[in-house]
Each structure stands twice: as C-alpha cells, then as structure tokens.
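S.K.: Shown below is the structure under consideration.
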Amino acid sequence: MPIRSEYLDAETYGAALRHAGVSYAELSSTVYWGAGEDAAMMAAIWGSAAERDAEYAAGAKADAVRASAAKRQRRSREKARLRATHYLTAKHALTALEAIKLANLQCFTLNAHVVVSWSTVGIVRDHEVMKASKRLLELLRKWAVRRGIPRGWIWVLERGPVLGLHLHVQLHIPRAIRNAFRAWLDEAVETIAGRGLVVKAVDDKTGTVFARVENEFNTDYQWTFFRYLMKGIDPTAKALMNGKVRNLVDLWKLELEAQGNVSCPRFGYSRSIGATAVKTLGTAFVQYAGSLEPFTDDYFVAGKRAFVAKLW
C-alpha cells in the first residue's frame with residue numbers, strides 16, 4: 001500500500017490509494033492527511049483517523065458482543081445437558097393425577113390422546129421440540145376458546161428409539177367435534193413445522209400426528225391413558241397415602257418403559273386444571289385430594305352433582 005510520506009500532498013496520495021485499489025477499511029488508523037485544503041478534502045473522502053478509530057472500535061465491540069453471546073449459548077447448552085432428566089418424578093405424577101381430578105370436578109374428562117412426532121418434520125433438538133410444543137399448546141388454547149370447550153390438558157415429552165423426542169397430550173375434546181379437531185390439529189402442526197406432514201394409517205403412531213378421542217362421559221379411558229403416560233416414571237417414586245409411604249409403580253400397577261434423557265421440561269399442564277382451579281373449587285377439591293387412587297369416577301360424579309346443584 002502507498003505510504004503517505006512518499007507523497008507531497010494529500011490529493012496525490014489519495015489518487016495513489018485509489019489507483020492501488022485500496023479500500024477504506026484497509027487504511028491505517030494513523031494516516032495523516034496534512035492541514036491544507038486538499039487534506040480536508042481527502043479526509044472527507046477517506047475519513048479522518050479519529051473517524052476510522054471510532055469505526056474500528058465499534059466493529060471490535062460488535063465482535064465482542066457476538067463472541068459473548070456465542071459463549072452464553074454454549075454455556076446454556078452445557079447447563080441443559082447437565083440438567084437432563086431421565087424420568088418423570090413423583091411430583092410430576094401426583095400433579096398429573098391432581099390435574100385430572102380438577103378437570104373431573106369441573107365436569108369434564110381428559111378423554112383424548114394426541115401424539116406429535118416432531119422429528120418427522122425435521123424438528124429434532126430438545127429446545128426446538130420444546131419451542132414447537134409450546135406454540136402448539138398456545139394455538140390449542142386459542143382454538144378451545146373459540147370453540148367454547150374446557151381448556152384442560154396435561155402433556156409429557158418422551159424420547160423413543162425410532163422417532164426421538166415426541167409430545168403426548170391428554171386433553172378434553174367432545175367426541176362430536178373429533179373430526180374438526182383432527183383437521184385443525186394437522187393444520188396447526190403443519191404451520192409450525194413449515195412443511196407437509198408424514199401421514200400414516202389412523203391407528204399408526206409413526207406418522208407426524210396421532211389423535212384418538214373417546215367418549216367424554218366415561219372416565220375409563222382417561223385413567224387408562226394416565227397410566228400409559230406414567231410409564232416413564234422413576235421406578236423408586238413414592239408418595240404418602242393413609243400414613244404409609246407407597247411406591248407409585250406398585251400402587252398404580254404401572255408398566256414401565258424407559259423414555260430417555262430430556263434436556264428441557266418433560267411434563268406440564270394447563271392453568272385451568274392447576275392452582276387456579278384449586279382456589280375456585282375450594283372445599284370440593286379438598287374433599288377428594290387425599291386419595292392416590294386414580295381408577296375411579298368419584299371426581300367426575302362429584303363434578304356433575306355440583307353442576308346439577310348449580311342449575312337448581
């Protein structure tokens with residue numbers, strides 16, 4: 001690159017720089033143009049040393065910010081790896097049980113089962129699956145509001161040997177609108193994925209979406225599916241019942257099946273069957289909260305009885 005000291009004035013030096021194909025970014029921040037009119041003109045064309053110093057400093061700061069962000073992302077991924085869970089816990093299981101009780105006491109059952117295999121549409125990493133699942137549940141909430149049906153569900157993430165991390169949702173869907181629900185569900189998952197779904201036979205769970213809706217006035221299916229969802233529970237999970245510590249696997253006669261490591265939340269529920277509902281139901285919930293026995297319709301019967309009492 002031409003050297004300033006070899007030229008008599010700034011204009012000649014600037015012309016030499018242009019002839020040599022030197023870019024503004026390649027100029028040294030120490031270039032001195034001089035003090036004359038030509039110098040002022042060349043400083044306007046090429047930039048002063050102070051301006052270049054400021055720009056270089058801004059670029060260095062931006063590089064540092066990007067490097068810091070990348071470092072935080074690496075640290076976050078490492079923390080997530082270390083936080084990976086291997087099982088559903090006793091707390092997860094008892095919360096799921098409580099959520100179904102709360103749904104029943106509000107006079108509806110969790111009679112439907114949805115499975116979304118995100119890997120079939122290219123969504124495979126844990127945080128990506130979690131993000132897609134959250135978006136689906138938010139769309140589900142809005143759809144239920146429009147339809148005027150209860151917004152109650154529990155969900156579990158499982159990692160299988162074939163389809164990887166996938167979403168299970170147990171929820172309430174009136175059987176009369178099951179076809180409309182399935183059409184909406186397919187469209188919602190396709191929108192989130194941004195691509196077409198893998199479609200299989202109705203009873204085949206290896207496609208992108210599986211959905212089953214049973215009679216909403218019968219509690220048998222919800223408890224059958226509850227036991228199925230609990231298959232990934234910690235084998236040592238225990239809870240207190242009637243003053244005795246009981247193993248939940250034995251108590252509920254669960255058939256265990258390992259569901260892999262998950263580096264994001266693996267269980268959740270909607271607010272309508274959570275703490276908000278406990279406050280709303282009050283003593284009605286407390287009356288039935290003590291039992292760990294899930295295979296009963298007591299809660300649903302009580303909910304219907306309370307509903308009829310309100311009508312009168």
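Convention: chains lettered A, B, ... in structure tokens order; per-chain residue numbering from 1; ligands numbered from 1 as shown.
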For the structure I just gave you, how does DSSP split stretch 215-281 of chain A - specifically, which residues are strand (DSSP E)? Reply as a VMD selection string.
M.R.: chain A and resid 238 to 241 244 to 247 267 to 269
S.K.: I need the alpha helix (DSSP H) residues of stretch 118-265 of chain A per DSSP on the backbone, written as a VMD selection string.
M.R.: chain A and resid 126 to 147 178 to 193 220 to 229 248 to 252
S.K.: Between A:Pro174, A:Trp184, A:Asn104, A:Glu158, which has the minimum distance to A:Leu140 (counting only C-alpha atoms)?
M.R.: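 Closest residue, counting only C-alpha atoms: A:Trp184.
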S.K.: Give the answer as one residue: which of A:Ile177, A:Cys264, A:Leu292, A:Leu110 has the shortest atom-to-atom distance to A:Trp153, using only C-alpha atoms?
M.R.: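 Under the stated criterion, the closest residue is A:Leu110.
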S.K.: With distances taken over only C-alpha atoms, which residue among A:Ala275, A:Ile192, A:Lys91, A:Thr280 lies nearest A:Arg135?
M.R.: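 Of A:Ala275, A:Ile192, A:Lys91, A:Thr280, the one nearest A:Arg135 is A:Ile192, counting only C-alpha atoms.
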S.K.: To one decimal place in Å, what is the distance between atom CA of A:Asn218 and atom CA of A:Arg305?
M.R.: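 Taking atom CA of A:Asn218 and atom CA of A:Arg305, their separation equals 15.3 Å.
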S.K.: Using only C-alpha atoms, which protein or nucleic acid residues come within 7 Å of A:Asp234? Drop anything in the same chain fewer than 5 positions from it, and give the result as a ChimeraX atom specification.
M.R.: /A:87-89
S.K.: As an exercise, work out the distance from atom CA of A:Thr109 to atom CA of A:Gln222 in Å and give it to one decimal place.
M.R.: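 Separation of atom CA of A:Thr109 and atom CA of A:Gln222: 6.9 Å.
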S.K.: Skip stretch 236-247 of chain A itself and residues of its chain fewer than 5 positions away, then list as an MDAnalysis selection string all residues within 12 Å of it, counting only C-alpha atoms.
M.R.: chainID A and resid 87:95 230:231 252:254 256 289:293
S.K.: Write a file of the selected residues as a tab-separated table (two decimals), in the first residue's frame, keeping N, CA, C and O atoms.
M.R.:
chain	number	residue	atom	x	y	z
A	87	TYR	N	-36.30	-39.39	34.12
A	87	TYR	CA	-37.62	-39.95	34.45
A	87	TYR	C	-38.62	-38.84	34.75
A	87	TYR	O	-38.25	-37.71	35.06
A	88	LEU	N	-39.89	-39.21	34.69
A	88	LEU	CA	-40.91	-38.40	35.36
A	88	LEU	C	-40.72	-38.62	36.86
A	88	LEU	O	-40.42	-39.73	37.30
A	89	THR	N	-40.91	-37.60	37.65
A	89	THR	CA	-40.75	-37.71	39.09
A	89	THR	C	-42.08	-38.00	39.78
A	89	THR	O	-43.15	-37.92	39.16
A	90	ALA	N	-42.00	-38.31	41.08
A	90	ALA	CA	-43.22	-38.50	41.86
A	90	ALA	C	-44.06	-37.22	41.84
A	90	ALA	O	-45.29	-37.27	41.75
A	91	LYS	N	-43.40	-36.06	41.88
A	91	LYS	CA	-44.13	-34.79	41.84
A	91	LYS	C	-44.88	-34.63	40.53
A	91	LYS	O	-46.03	-34.17	40.51
A	92	HIS	N	-44.23	-34.99	39.41
A	92	HIS	CA	-44.90	-34.94	38.11
A	92	HIS	C	-46.16	-35.81	38.12
A	92	HIS	O	-47.24	-35.39	37.69
A	93	ALA	N	-46.00	-37.04	38.61
A	93	ALA	CA	-47.11	-37.99	38.60
A	93	ALA	C	-48.27	-37.52	39.46
A	93	ALA	O	-49.44	-37.60	39.06
A	94	LEU	N	-47.96	-37.01	40.65
A	94	LEU	CA	-49.01	-36.56	41.55
A	94	LEU	C	-49.69	-35.29	41.02
A	94	LEU	O	-50.90	-35.10	41.19
A	95	THR	N	-48.92	-34.45	40.35
A	95	THR	CA	-49.50	-33.25	39.73
A	95	THR	C	-50.44	-33.64	38.60
A	95	THR	O	-51.51	-33.05	38.43
A	230	MET	N	-47.65	-42.42	32.45
A	230	MET	CA	-46.75	-42.57	33.59
A	230	MET	C	-45.71	-43.67	33.41
A	230	MET	O	-44.95	-43.97	34.33
A	231	LYS	N	-45.64	-44.25	32.22
A	231	LYS	CA	-44.71	-45.37	32.00
A	231	LYS	C	-43.24	-44.96	32.13
A	231	LYS	O	-42.37	-45.80	32.32
A	252	TRP	N	-50.08	-48.12	41.43
A	252	TRP	CA	-50.87	-47.89	40.22
A	252	TRP	C	-50.70	-48.99	39.18
A	252	TRP	O	-51.25	-48.91	38.09
A	253	LYS	N	-49.87	-50.02	39.53
A	253	LYS	CA	-49.64	-51.16	38.63
A	253	LYS	C	-49.19	-50.67	37.24
A	253	LYS	O	-49.75	-51.05	36.20
A	254	LEU	N	-48.14	-49.86	37.27
A	254	LEU	CA	-47.64	-49.28	36.03
A	254	LEU	C	-46.70	-50.24	35.31
A	254	LEU	O	-45.95	-50.97	35.94
A	256	LEU	N	-43.57	-50.08	33.25
A	256	LEU	CA	-42.53	-49.10	32.99
A	256	LEU	C	-41.83	-49.33	31.65
A	256	LEU	O	-41.66	-50.46	31.21
A	289	ALA	N	-58.90	-34.73	47.50
A	289	ALA	CA	-57.48	-34.57	47.20
A	289	ALA	C	-56.60	-35.63	47.86
A	289	ALA	O	-55.50	-35.89	47.40
A	290	GLY	N	-57.07	-36.24	48.94
A	290	GLY	CA	-56.21	-37.13	49.70
A	290	GLY	C	-55.93	-38.47	49.07
A	290	GLY	O	-54.93	-39.10	49.37
A	291	SER	N	-56.78	-38.94	48.18
A	291	SER	CA	-56.62	-40.29	47.62
A	291	SER	C	-55.62	-40.30	46.48
A	291	SER	O	-55.60	-39.43	45.63
A	292	LEU	N	-54.76	-41.32	46.47
A	292	LEU	CA	-53.83	-41.51	45.37
A	292	LEU	C	-54.36	-42.52	44.37
A	292	LEU	O	-53.67	-42.91	43.44
A	293	GLU	N	-55.58	-42.97	44.57
A	293	GLU	CA	-56.18	-43.97	43.68
A	293	GLU	C	-56.76	-43.29	42.44
A	293	GLU	O	-57.71	-42.52	42.53
S.K.: Env of A:Met130: 8 Å cut, atoms = only C-alpha atoms, seq-sep filter 4 positions within chain, self excluded. Answer as number ranges by chain.
M.R.: A: 126, 134, 264-265
